[in-house]
$ cat my_file12.pdb   # PDB, C-alpha atoms and all ligand atoms
MODEL        1
ATOM      1  CA  MET A 190     112.211  78.581 182.690
ATOM      2  CA  LYS A 191     113.325  76.794 179.571
ATOM      3  CA  GLN A 192     109.856  75.326 179.143
ATOM      4  CA  THR A 193     108.209  78.733 179.515
ATOM      5  CA  LEU A 194     110.515  80.089 176.848
ATOM      6  CA  ILE A 195     109.699  77.274 174.455
ATOM      7  CA  ALA A 196     105.987  77.713 175.143
ATOM      8  CA  ALA A 197     106.299  81.433 174.484
ATOM      9  CA  MET A 198     108.184  80.754 171.272
ATOM     10  CA  LEU A 199     105.599  78.226 170.134
ATOM     11  CA  GLY A 200     102.913  80.785 170.874
ATOM     12  CA  THR A 201     104.680  83.269 168.639
ATOM     13  CA  VAL A 202     104.961  80.714 165.872
ATOM     14  CA  ALA A 203     101.275  79.881 166.188
ATOM     15  CA  MET A 204     100.355  83.552 166.016
ATOM     16  CA  ALA A 205     102.608  84.138 163.046
ATOM     17  CA  THR A 206     101.030  81.196 161.246
ATOM     18  CA  ALA A 207      97.564  82.464 162.022
ATOM     19  CA  ALA A 208      98.459  85.885 160.674
ATOM     20  CA  THR A 209      99.551  84.504 157.295
ATOM     21  CA  ALA A 210      96.969  81.730 156.917
ATOM     22  CA  CYS A 211      93.889  82.481 154.882
ATOM     23  CA  GLU A 212      90.747  82.982 156.901
ATOM     24  CA  ILE A 213      88.593  81.939 153.979
ATOM     25  CA  THR A 214      89.750  79.815 151.052
ATOM     26  CA  LEU A 215      87.362  79.811 148.126
ATOM     27  CA  ARG A 216      87.439  76.511 146.234
ATOM     28  CA  SER A 217      87.198  77.034 142.501
ATOM     29  CA  SER A 218      86.589  74.373 139.858
ATOM     30  CA  ASP A 219      87.974  74.084 136.336
ATOM     31  CA  THR A 220      87.877  71.211 133.875
ATOM     32  CA  HIS A 221      91.193  72.228 132.294
ATOM     33  CA  PRO A 222      94.680  71.140 133.375
ATOM     34  CA  ASP A 223      97.080  73.247 135.394
ATOM     35  CA  GLY A 224      98.770  75.824 133.190
ATOM     36  CA  TYR A 225      95.707  76.300 130.935
ATOM     37  CA  PRO A 226      94.816  80.010 130.576
ATOM     38  CA  THR A 227      91.531  79.803 132.514
ATOM     39  CA  VAL A 228      93.232  78.005 135.424
ATOM     40  CA  VAL A 229      96.102  80.496 135.544
ATOM     41  CA  ALA A 230      93.712  83.463 135.323
ATOM     42  CA  VAL A 231      91.692  82.296 138.349
ATOM     43  CA  GLN A 232      94.929  81.602 140.256
ATOM     44  CA  LYS A 233      95.986  85.155 139.419
ATOM     45  CA  MET A 234      92.638  86.447 140.630
ATOM     46  CA  GLY A 235      93.313  84.605 143.902
ATOM     47  CA  GLU A 236      96.730  86.224 144.263
ATOM     48  CA  LEU A 237      95.221  89.674 143.809
ATOM     49  CA  LEU A 238      92.523  88.906 146.350
ATOM     50  CA  LYS A 239      95.007  87.585 148.903
ATOM     51  CA  GLU A 240      97.235  90.613 148.505
ATOM     52  CA  ARG A 241      94.365  93.094 148.740
ATOM     53  CA  THR A 242      92.716  91.499 151.784
ATOM     54  CA  GLY A 243      95.962  91.199 153.755
ATOM     55  CA  ASP A 244      96.073  87.416 153.248
ATOM     56  CA  ARG A 245      92.557  86.844 154.563
ATOM     57  CA  LEU A 246      90.753  85.759 151.396
ATOM     58  CA  CYS A 247      92.326  83.154 149.154
ATOM     59  CA  VAL A 248      91.341  81.043 146.157
ATOM     60  CA  GLU A 249      92.345  77.471 145.497
ATOM     61  CA  VAL A 250      91.792  76.216 141.965
ATOM     62  CA  PHE A 251      90.903  72.548 141.609
ATOM     63  CA  HIS A 252      91.884  72.017 137.990
ATOM     64  CA  SER A 253      91.661  68.953 135.724
ATOM     65  CA  ALA A 254      88.011  68.301 136.649
ATOM     66  CA  GLN A 255      89.081  67.179 140.140
ATOM     67  CA  LEU A 256      85.694  68.314 141.457
ATOM     68  CA  GLY A 257      83.765  66.835 138.532
ATOM     69  CA  GLU A 258      82.501  67.616 135.049
ATOM     70  CA  GLU A 259      80.948  70.997 134.299
ATOM     71  CA  LYS A 260      77.264  70.090 134.482
ATOM     72  CA  ASP A 261      77.755  68.560 137.947
ATOM     73  CA  THR A 262      80.083  71.249 139.268
ATOM     74  CA  ILE A 263      77.574  73.922 138.224
ATOM     75  CA  GLU A 264      74.958  72.218 140.405
ATOM     76  CA  GLN A 265      77.413  71.945 143.266
ATOM     77  CA  THR A 266      78.185  75.638 142.933
ATOM     78  CA  GLN A 267      74.474  76.433 143.065
ATOM     79  CA  PHE A 268      74.232  74.370 146.256
ATOM     80  CA  GLY A 269      77.270  76.063 147.805
ATOM     81  CA  VAL A 270      79.390  72.891 147.882
ATOM     82  CA  ILE A 271      81.855  74.572 145.491
ATOM     83  CA  ASP A 272      82.512  78.309 145.967
ATOM     84  CA  MET A 273      83.582  79.334 142.480
ATOM     85  CA  ASN A 274      83.491  77.832 139.012
ATOM     86  CA  ARG A 275      85.038  78.666 135.656
ATOM     87  CA  VAL A 276      82.915  77.148 132.906
ATOM     88  CA  SER A 277      81.814  77.655 129.332
ATOM     89  CA  LEU A 278      78.474  79.452 128.934
ATOM     90  CA  GLY A 279      77.268  76.392 126.989
ATOM     91  CA  PRO A 280      76.293  74.217 129.964
ATOM     92  CA  PHE A 281      74.336  77.185 131.368
ATOM     93  CA  ASN A 282      72.032  77.367 128.347
ATOM     94  CA  ASN A 283      69.359  75.140 129.842
ATOM     95  CA  ILE A 284      69.542  76.944 133.221
ATOM     96  CA  VAL A 285      69.851  80.675 132.453
ATOM     97  CA  GLU A 286      68.113  81.592 129.184
ATOM     98  CA  GLU A 287      70.150  84.770 128.619
ATOM     99  CA  THR A 288      73.281  82.621 128.148
ATOM    100  CA  GLN A 289      71.706  81.117 125.033
ATOM    101  CA  ILE A 290      72.250  84.260 123.017
ATOM    102  CA  PRO A 291      76.089  84.448 123.081
ATOM    103  CA  SER A 292      76.031  80.675 122.533
ATOM    104  CA  LEU A 293      74.256  80.987 119.180
ATOM    105  CA  PRO A 294      76.342  79.944 116.167
ATOM    106  CA  PHE A 295      77.933  82.849 114.282
ATOM    107  CA  ILE A 296      76.411  85.478 116.595
ATOM    108  CA  PHE A 297      79.791  87.223 116.949
ATOM    109  CA  ARG A 298      81.706  88.538 113.964
ATOM    110  CA  SER A 299      85.083  88.205 115.682
ATOM    111  CA  THR A 300      86.746  87.883 119.069
ATOM    112  CA  ASP A 301      86.955  91.676 119.242
ATOM    113  CA  HIS A 302      83.210  91.889 118.678
ATOM    114  CA  MET A 303      82.646  89.318 121.454
ATOM    115  CA  HIS A 304      84.872  91.305 123.836
ATOM    116  CA  LYS A 305      82.969  94.537 123.123
ATOM    117  CA  VAL A 306      79.620  92.856 123.724
ATOM    118  CA  MET A 307      80.619  91.018 126.891
ATOM    119  CA  ASP A 308      82.344  94.123 128.296
ATOM    120  CA  GLY A 309      79.156  96.126 127.646
ATOM    121  CA  PRO A 310      75.476  96.132 128.693
ATOM    122  CA  VAL A 311      74.626  92.695 127.213
ATOM    123  CA  GLY A 312      77.487  91.166 129.196
ATOM    124  CA  GLN A 313      76.224  92.871 132.344
ATOM    125  CA  GLN A 314      72.700  91.629 131.666
ATOM    126  CA  ILE A 315      74.009  88.044 131.538
ATOM    127  CA  LEU A 316      76.125  88.435 134.689
ATOM    128  CA  ASP A 317      73.031  89.782 136.485
ATOM    129  CA  ALA A 318      70.851  86.941 135.180
ATOM    130  CA  MET A 319      73.056  84.429 137.030
ATOM    131  CA  ALA A 320      71.311  85.512 140.250
ATOM    132  CA  GLY A 321      68.245  83.585 139.054
ATOM    133  CA  ALA A 322      70.323  80.395 139.326
ATOM    134  CA  ASP A 323      71.694  81.187 142.818
ATOM    135  CA  LEU A 324      74.999  82.289 141.325
ATOM    136  CA  VAL A 325      76.947  85.537 141.132
ATOM    137  CA  GLY A 326      78.386  86.279 137.690
ATOM    138  CA  LEU A 327      81.900  87.660 138.180
ATOM    139  CA  ALA A 328      83.625  87.901 134.795
ATOM    140  CA  PHE A 329      83.822  86.597 131.249
ATOM    141  CA  TYR A 330      86.862  84.863 129.836
ATOM    142  CA  ASP A 331      87.815  83.903 126.286
ATOM    143  CA  GLY A 332      86.927  80.566 124.740
ATOM    144  CA  GLY A 333      88.315  81.228 121.272
ATOM    145  CA  SER A 334      86.348  80.057 118.286
ATOM    146  CA  ARG A 335      85.187  76.489 118.044
ATOM    147  CA  SER A 336      85.442  74.327 114.916
ATOM    148  CA  PHE A 337      84.720  70.686 114.052
ATOM    149  CA  TYR A 338      87.311  67.925 114.193
ATOM    150  CA  ASN A 339      86.933  64.226 113.490
ATOM    151  CA  SER A 340      88.786  60.952 113.067
ATOM    152  CA  GLU A 341      87.355  59.971 109.682
ATOM    153  CA  LYS A 342      87.975  62.425 106.864
ATOM    154  CA  PRO A 343      88.584  66.064 105.959
ATOM    155  CA  ILE A 344      85.301  67.998 106.086
ATOM    156  CA  ARG A 345      85.207  70.688 103.394
ATOM    157  CA  SER A 346      81.473  71.336 103.212
ATOM    158  CA  ILE A 347      78.249  70.645 105.104
ATOM    159  CA  ALA A 348      77.589  67.692 102.780
ATOM    160  CA  ASP A 349      80.718  65.974 104.127
ATOM    161  CA  MET A 350      79.196  65.958 107.621
ATOM    162  CA  ALA A 351      76.085  64.003 106.644
ATOM    163  CA  GLY A 352      75.306  61.275 109.150
ATOM    164  CA  MET A 353      78.496  61.775 111.173
ATOM    165  CA  LYS A 354      78.361  61.767 114.956
ATOM    166  CA  PHE A 355      79.765  64.727 116.893
ATOM    167  CA  ARG A 356      80.001  65.279 120.607
ATOM    168  CA  VAL A 357      78.657  68.636 121.800
ATOM    169  CA  MET A 358      78.557  70.345 125.186
ATOM    170  CA  GLN A 359      75.466  69.607 127.250
ATOM    171  CA  SER A 360      73.139  72.223 125.749
ATOM    172  CA  ASP A 361      70.136  71.804 123.445
ATOM    173  CA  ILE A 362      71.319  74.619 121.167
ATOM    174  CA  PHE A 363      74.373  72.647 120.112
ATOM    175  CA  VAL A 364      72.322  69.505 119.501
ATOM    176  CA  ASP A 365      70.084  71.500 117.143
ATOM    177  CA  MET A 366      73.077  73.207 115.576
ATOM    178  CA  VAL A 367      74.630  69.868 114.586
ATOM    179  CA  ALA A 368      71.259  68.515 113.410
ATOM    180  CA  ALA A 369      70.842  71.591 111.189
ATOM    181  CA  LEU A 370      74.110  70.585 109.529
ATOM    182  CA  GLY A 371      72.754  67.110 108.759
ATOM    183  CA  ALA A 372      74.885  65.350 111.364
ATOM    184  CA  ASN A 373      74.088  63.705 114.712
ATOM    185  CA  ALA A 374      74.940  65.273 118.053
ATOM    186  CA  THR A 375      75.818  63.424 121.221
ATOM    187  CA  PRO A 376      75.952  65.650 124.291
ATOM    188  CA  MET A 377      78.495  64.306 126.780
ATOM    189  CA  PRO A 378      80.935  65.539 129.420
ATOM    190  CA  TYR A 379      84.253  66.862 128.148
ATOM    191  CA  GLY A 380      86.260  64.202 129.983
ATOM    192  CA  GLU A 381      84.614  61.382 128.019
ATOM    193  CA  VAL A 382      85.351  62.731 124.548
ATOM    194  CA  TYR A 383      88.869  61.335 124.064
ATOM    195  CA  SER A 384      87.944  57.708 124.701
ATOM    196  CA  SER A 385      84.643  58.075 122.824
ATOM    197  CA  ILE A 386      86.502  59.143 119.695
ATOM    198  CA  GLN A 387      89.121  56.479 120.211
ATOM    199  CA  THR A 388      86.561  53.697 120.496
ATOM    200  CA  GLY A 389      84.429  55.051 117.641
ATOM    201  CA  VAL A 390      81.379  55.886 119.783
ATOM    202  CA  ILE A 391      81.544  59.304 118.097
ATOM    203  CA  ASP A 392      83.382  60.484 114.968
ATOM    204  CA  GLY A 393      84.486  63.773 116.424
ATOM    205  CA  ALA A 394      83.708  66.874 118.406
ATOM    206  CA  GLU A 395      84.222  70.619 118.191
ATOM    207  CA  ASN A 396      86.395  72.987 120.144
ATOM    208  CA  ASN A 397      89.015  75.750 120.068
ATOM    209  CA  TRP A 398      92.776  75.315 119.494
ATOM    210  CA  PRO A 399      93.839  75.182 123.165
ATOM    211  CA  SER A 400      91.200  72.603 124.136
ATOM    212  CA  TYR A 401      91.756  70.507 120.982
ATOM    213  CA  GLU A 402      95.407  70.420 121.942
ATOM    214  CA  SER A 403      95.404  70.143 125.760
ATOM    215  CA  SER A 404      92.740  67.406 125.808
ATOM    216  CA  GLY A 405      94.789  65.355 123.356
ATOM    217  CA  HIS A 406      91.764  65.124 121.037
ATOM    218  CA  PHE A 407      94.052  66.012 118.128
ATOM    219  CA  GLU A 408      95.785  62.666 118.633
ATOM    220  CA  VAL A 409      92.598  60.703 117.935
ATOM    221  CA  ALA A 410      90.752  63.136 115.598
ATOM    222  CA  LYS A 411      93.279  64.492 113.180
ATOM    223  CA  TYR A 412      91.025  66.351 110.723
ATOM    224  CA  TYR A 413      90.282  69.874 111.969
ATOM    225  CA  THR A 414      88.051  72.084 109.810
ATOM    226  CA  LEU A 415      88.280  75.762 110.714
ATOM    227  CA  ASN A 416      84.634  76.670 110.109
ATOM    228  CA  GLN A 417      84.506  78.637 113.412
ATOM    229  CA  HIS A 418      80.797  78.178 114.096
ATOM    230  CA  LEU A 419      80.920  79.302 117.728
ATOM    231  CA  ILE A 420      82.629  81.982 119.772
ATOM    232  CA  VAL A 421      81.212  81.037 123.172
ATOM    233  CA  PRO A 422      82.509  83.124 126.056
ATOM    234  CA  GLU A 423      83.446  81.437 129.302
ATOM    235  CA  ILE A 424      82.284  82.675 132.668
ATOM    236  CA  LEU A 425      83.598  82.806 136.215
ATOM    237  CA  VAL A 426      80.762  82.435 138.695
ATOM    238  CA  MET A 427      80.531  82.316 142.454
ATOM    239  CA  SER A 428      78.033  80.452 144.589
ATOM    240  CA  LYS A 429      75.506  82.918 146.010
ATOM    241  CA  ILE A 430      75.608  80.989 149.277
ATOM    242  CA  ALA A 431      79.380  81.538 149.578
ATOM    243  CA  TYR A 432      79.110  85.135 148.381
ATOM    244  CA  ASP A 433      76.444  86.033 150.948
ATOM    245  CA  LYS A 434      78.716  84.859 153.759
ATOM    246  CA  LEU A 435      81.258  87.585 152.893
ATOM    247  CA  SER A 436      81.225  91.164 154.169
ATOM    248  CA  ALA A 437      80.241  93.832 151.638
ATOM    249  CA  GLU A 438      83.880  94.880 151.514
ATOM    250  CA  ASP A 439      85.080  91.348 150.746
ATOM    251  CA  GLN A 440      82.365  90.909 148.115
ATOM    252  CA  ALA A 441      83.635  94.032 146.376
ATOM    253  CA  ALA A 442      87.205  92.720 146.592
ATOM    254  CA  VAL A 443      86.146  89.437 144.948
ATOM    255  CA  ARG A 444      84.358  91.265 142.138
ATOM    256  CA  GLN A 445      87.276  93.581 141.515
ATOM    257  CA  ALA A 446      89.895  90.819 141.537
ATOM    258  CA  ALA A 447      87.780  88.842 139.041
ATOM    259  CA  LYS A 448      87.502  91.890 136.773
ATOM    260  CA  ASP A 449      91.233  92.482 137.004
ATOM    261  CA  SER A 450      91.972  88.921 135.933
ATOM    262  CA  VAL A 451      90.240  89.468 132.570
ATOM    263  CA  PRO A 452      93.091  91.300 130.778
ATOM    264  CA  VAL A 453      95.500  88.694 132.181
ATOM    265  CA  MET A 454      93.309  85.965 130.735
ATOM    266  CA  ARG A 455      93.100  87.636 127.331
ATOM    267  CA  GLU A 456      96.852  87.860 127.053
ATOM    268  CA  LEU A 457      97.352  84.264 128.172
ATOM    269  CA  TRP A 458      94.699  83.137 125.714
ATOM    270  CA  THR A 459      96.278  84.749 122.673
ATOM    271  CA  ALA A 460      99.640  83.216 123.505
ATOM    272  CA  ARG A 461      98.160  79.766 124.167
ATOM    273  CA  GLU A 462      96.127  79.758 120.953
ATOM    274  CA  ALA A 463      99.309  80.251 118.943
ATOM    275  CA  ALA A 464     101.261  77.682 120.974
ATOM    276  CA  SER A 465      98.488  75.075 120.706
ATOM    277  CA  GLU A 466      98.126  75.607 116.973
ATOM    278  CA  ALA A 467     101.863  75.174 116.497
ATOM    279  CA  LYS A 468     101.888  71.968 118.545
ATOM    280  CA  VAL A 469      98.917  70.483 116.712
ATOM    281  CA  ARG A 470     100.314  71.372 113.279
ATOM    282  CA  ALA A 471     103.687  69.887 114.199
ATOM    283  CA  ALA A 472     101.932  66.622 115.080
ATOM    284  CA  GLY A 473     100.844  66.235 111.456
ATOM    285  CA  THR A 474      97.169  67.029 111.933
ATOM    286  CA  GLU A 475      95.293  67.931 108.758
ATOM    287  CA  ILE A 476      93.941  71.469 109.083
ATOM    288  CA  ILE A 477      91.247  72.418 106.571
ATOM    289  CA  THR A 478      91.176  76.180 106.115
ATOM    290  CA  ASP A 479      89.637  76.584 102.645
ATOM    291  CA  ILE A 480      86.086  76.452 103.926
ATOM    292  CA  ASP A 481      83.163  78.618 102.841
ATOM    293  CA  LYS A 482      81.336  79.668 106.007
ATOM    294  CA  THR A 483      78.283  81.083 104.217
ATOM    295  CA  PRO A 484      76.322  77.794 103.914
ATOM    296  CA  PHE A 485      77.043  77.078 107.589
ATOM    297  CA  ILE A 486      75.670  80.497 108.550
ATOM    298  CA  GLU A 487      72.593  80.032 106.365
ATOM    299  CA  ALA A 488      71.890  76.606 107.865
ATOM    300  CA  MET A 489      71.500  78.212 111.304
ATOM    301  CA  VAL A 490      68.243  80.040 110.508
ATOM    302  CA  PRO A 491      66.053  77.338 112.153
ATOM    303  CA  VAL A 492      68.294  77.314 115.240
ATOM    304  CA  TYR A 493      67.788  81.069 115.727
ATOM    305  CA  ALA A 494      64.051  80.638 115.126
ATOM    306  CA  LYS A 495      63.871  77.973 117.819
ATOM    307  CA  TYR A 496      65.809  79.826 120.525
ATOM    308  CA  VAL A 497      65.229  83.529 119.917
ATOM    309  CA  THR A 498      61.614  83.326 120.977
ATOM    310  CA  THR A 499      60.866  86.280 123.259
ATOM    311  CA  PRO A 500      61.185  90.069 122.847
ATOM    312  CA  LYS A 501      63.903  90.050 125.528
ATOM    313  CA  LEU A 502      66.057  87.515 123.680
ATOM    314  CA  GLN A 503      65.339  89.179 120.333
ATOM    315  CA  LYS A 504      66.530  92.491 121.773
ATOM    316  CA  MET A 505      69.739  90.843 122.959
ATOM    317  CA  VAL A 506      70.422  89.570 119.433
ATOM    318  CA  GLU A 507      69.760  93.035 118.019
ATOM    319  CA  ASP A 508      71.974  94.684 120.645
ATOM    320  CA  ILE A 509      74.799  92.288 119.787
ATOM    321  CA  GLN A 510      74.408  92.833 116.062
ATOM    322  CA  ALA A 511      74.365  96.613 116.574
ATOM    323  CA  THR A 512      77.590  96.550 118.618
ATOM    324  CA  GLU A 513      80.403  97.852 116.433
TER     325      GLU A 513
HETATM  326  C1  LIG A 601      86.335  74.177 126.441
HETATM  327  C2  LIG A 601      85.815  75.046 127.559
HETATM  328  C3  LIG A 601      85.330  74.178 128.702
HETATM  329  C4  LIG A 601      84.333  73.168 128.204
HETATM  330  C5  LIG A 601      84.878  72.419 127.025
HETATM  331  C6  LIG A 601      83.857  71.466 126.445
HETATM  332  O1  LIG A 601      86.846  75.883 128.038
HETATM  333  O2  LIG A 601      84.788  75.016 129.695
HETATM  334  O3  LIG A 601      84.097  72.239 129.201
HETATM  335  O4  LIG A 601      85.331  73.304 126.009
HETATM  336  O5  LIG A 601      83.804  71.332 125.227
HETATM  337  O6  LIG A 601      86.737  74.991 125.359
HETATM  338  O7  LIG A 601      83.120  70.858 127.211
ENDMDL
END
$ encode --input "my_file12.pdb" --output "structure tokens"
Amino acid sequence: MKQTLIAAMLGTVAMATAATACEITLRSSDTHPDGYPTVVAVQKMGELLKERTGDRLCVEVFHSAQLGEEKDTIEQTQFGVIDMNRVSLGPFNNIVEETQIPSLPFIFRSTDHMHKVMDGPVGQQILDAMAGADLVGLAFYDGGSRSFYNSEKPIRSIADMAGMKFRVMQSDIFVDMVAALGANATPMPYGEVYSSIQTGVIDGAENNWPSYESSGHFEVAKYYTLNQHLIVPEILVMSKIAYDKLSAEDQAAVRQAAKDSVPVMRELWTAREAASEAKVRAAGTEIITDIDKTPFIEAMVPVYAKYVTTPKLQKMVEDIQATE
């Protein structure tokens, strides 16, 4: 009698557990540490999804590059080993040609301009183009504006960069961008930048305030020149293999939750930019703000000529420029 009761109780517990456990947990990759805006935004997306699917669909974010560096995790997402991935558009440049356009230096006039473009038809065109790489484009996130930092000296003009070595993301555009400024580019994974600056393999790199701060790069490269050459959006993608396993209803829920995480991300980003800047300034970093961007913009003419090569890409540039 007692045993039957215990068995019955255990059965209830097992059922209760089953009812609250996630049927499907989507594994999502991010290079950034826990608490970084992109990580929190995807976690938030997961909460929305869980709530809306009655606890069936969940997301687990593997932050801090636990699943690998971006170039590798993108491949794993294409192969369905990883379900979702939050990455910069930069490492997609050599895979999906449409992503080259928002990765061009000085293509956006401001963050507002970038938001308008990525929320509009050009953004949709890029999300759709992800299908060609076995991925589903879900949403765009902010990546701030990127500027050069280095361990050697304050850079106040292009001439100051001559012969210096800068790490760039793994994309040919950024290699050509740095070459057009008379410096040398070394493409390498994000996780290797800190020690490469520290050991003098490279003189510096380029990134936004939150990454410059959270990566600790500001500790080893204390000259930060706010030339703002790039406003590269970030993207949340899903593996097509994982996506195709879901019902049409669940696919829609994933898309909607991703969309709904965008305003959350934008708010987190603005707050983090300010917090990171304050932390970096307090650490005694030398911030160079009196910089004339015009020569930097002019130096990019050959980069545009090399990458904007087809009527389709040309039209994208024109559409972006025409967006008010
Ligand atoms: C950060 C992006 C991240 C990139 C990193 C990089 O958020 O996705 O991996 O830059 O420079 O700003 O590689």
$ residues_near_ligand --input "my_file12.pdb" --ligand "ligand LIG 601 (chain A)" --cutoff "8 Å" --atoms "all atoms listed in the file" --output "JSON, numbers by chain"
{"A": [219, 220, 221, 227, 258, 259, 275, 276, 277, 278, 279, 332, 333, 335, 357, 358, 359, 378, 379, 380, 395, 396, 397, 399, 400, 423]}
$ residues_near_point --input "my_file12.pdb" --point "(79.3, 87.0, 115.4)" --cutoff "12 Å" --atoms "only C-alpha atoms" --output "PyMOL selection string"
chain A and resi 290-306+334+417-422+486+506-513
$ residues_around --input "my_file12.pdb" --residues "Pro222 (chain A)" --least-positions-apart "4" --cutoff "8 Å" --atoms "only C-alpha atoms" --output "list in words"
Val228, His252, Ser253, Ala254 and Ser403 of chain A
$ atom_distance --input "my_file12.pdb" --atom1 "CA of Ala320 (chain A)" --atom2 "CA of Leu237 (chain A)"
24.5 Å
$ residues_around --input "my_file12.pdb" --residues "region 240-244 of chain A" --least-positions-apart "6" --cutoff "12 Å" --atoms "all atoms listed in the file" --output "ChimeraX atom specification"
/A:206-214,233-234,436,438-443,445-446
$ axis_aligned_box --input "my_file12.pdb" --around "region 491-509 of chain A" --padding-each-side "5 Å" --output "JSON"
{"center_x": 67.8, "center_y": 86.0, "center_z": 118.8, "size_x": 23.9, "size_y": 27.4, "size_z": 23.4}
$ resolve_selection --input "my_file12.pdb" --expression "the PyMOL selection byres (((chain A and resi 501) around 12) and not hetatm)" --output "PyMOL selection string"
chain A and resi 286-287+289-290+311+314-315+496-500+502-508
$ write_last_selection --input "my_file12.pdb" --atoms "C-alpha atoms" --output "short mmCIF file (atom, residue, chain, number, x, y, z; two decimals), keeping the file's coordinate frame"
data_model
loop_
_atom_site.label_atom_id
_atom_site.label_comp_id
_atom_site.auth_asym_id
_atom_site.auth_seq_id
_atom_site.Cartn_x
_atom_site.Cartn_y
_atom_site.Cartn_z
CA GLU A 286 68.11 81.59 129.18
CA GLU A 287 70.15 84.77 128.62
CA GLN A 289 71.71 81.12 125.03
CA ILE A 290 72.25 84.26 123.02
CA VAL A 311 74.63 92.70 127.21
CA GLN A 314 72.70 91.63 131.67
CA ILE A 315 74.01 88.04 131.54
CA TYR A 496 65.81 79.83 120.52
CA VAL A 497 65.23 83.53 119.92
CA THR A 498 61.61 83.33 120.98
CA THR A 499 60.87 86.28 123.26
CA PRO A 500 61.18 90.07 122.85
CA LEU A 502 66.06 87.52 123.68
CA GLN A 503 65.34 89.18 120.33
CA LYS A 504 66.53 92.49 121.77
CA MET A 505 69.74 90.84 122.96
CA VAL A 506 70.42 89.57 119.43
CA GLU A 507 69.76 93.04 118.02
CA ASP A 508 71.97 94.68 120.64
#
$ residues_near_point --input "my_file12.pdb" --point "(84.2, 68.8, 110.5)" --cutoff "9 Å" --atoms "only C-alpha atoms" --output "list in words"
Ser336, Phe337, Tyr338, Asn339, Lys342, Pro343, Ile344, Arg345, Ser346, Ile347, Asp349, Met350, Phe355, Gly393, Ala394, Glu395, Tyr412, Tyr413, Thr414, Leu415, Asn416 and Ile477 of chain A
$ closest_residue --input "my_file12.pdb" --among "A:Val250, A:Met377, A:Met307, A:Lys260" --to "Tyr330 (chain A)" --atoms "all atoms listed in the file"
A:Met307
$ closest_residue --input "my_file12.pdb" --among "A:Ser340, A:Thr288, A:Asn282, A:Thr266" --to "Asp317 (chain A)" --atoms "all atoms listed in the file"
A:Thr288
$ decode --input "my_file12.pdb" --residues "region 437-451 of chain A" --atoms "N, CA and C atoms" --output "compact mmCIF listing (two decimals), in the first residue's frame"
# COMPACT_ATOMS: atom_id res chain seq x y z
N ALA A 437 5.38 24.78 -38.29
CA ALA A 437 5.22 26.14 -38.84
C ALA A 437 4.89 27.11 -37.71
N GLU A 438 4.11 26.65 -36.77
CA GLU A 438 3.71 27.50 -35.64
C GLU A 438 4.92 27.86 -34.77
N ASP A 439 5.76 26.86 -34.50
CA ASP A 439 6.96 27.12 -33.70
C ASP A 439 7.97 28.00 -34.45
N GLN A 440 8.05 27.81 -35.76
CA GLN A 440 8.94 28.67 -36.56
C GLN A 440 8.51 30.13 -36.42
N ALA A 441 7.21 30.35 -36.50
CA ALA A 441 6.69 31.71 -36.38
C ALA A 441 6.99 32.28 -34.99
N ALA A 442 6.86 31.41 -33.98
CA ALA A 442 7.14 31.85 -32.60
C ALA A 442 8.60 32.26 -32.45
N VAL A 443 9.50 31.50 -33.07
CA VAL A 443 10.93 31.82 -33.01
C VAL A 443 11.19 33.17 -33.67
N ARG A 444 10.62 33.34 -34.85
CA ARG A 444 10.82 34.62 -35.58
C ARG A 444 10.30 35.80 -34.78
N GLN A 445 9.12 35.63 -34.20
CA GLN A 445 8.51 36.74 -33.47
C GLN A 445 9.32 37.07 -32.20
N ALA A 446 9.73 36.03 -31.48
CA ALA A 446 10.50 36.28 -30.25
C ALA A 446 11.81 36.99 -30.59
N ALA A 447 12.43 36.60 -31.71
CA ALA A 447 13.69 37.26 -32.12
C ALA A 447 13.41 38.73 -32.42
N LYS A 448 12.35 38.98 -33.15
CA LYS A 448 11.99 40.39 -33.49
C LYS A 448 11.75 41.19 -32.22
N ASP A 449 11.06 40.56 -31.27
CA ASP A 449 10.71 41.28 -30.03
C ASP A 449 11.92 41.52 -29.14
N SER A 450 13.01 40.81 -29.40
CA SER A 450 14.20 41.05 -28.57
C SER A 450 15.00 42.25 -29.07
N VAL A 451 14.67 42.75 -30.26
CA VAL A 451 15.45 43.86 -30.84
C VAL A 451 15.35 45.15 -30.01
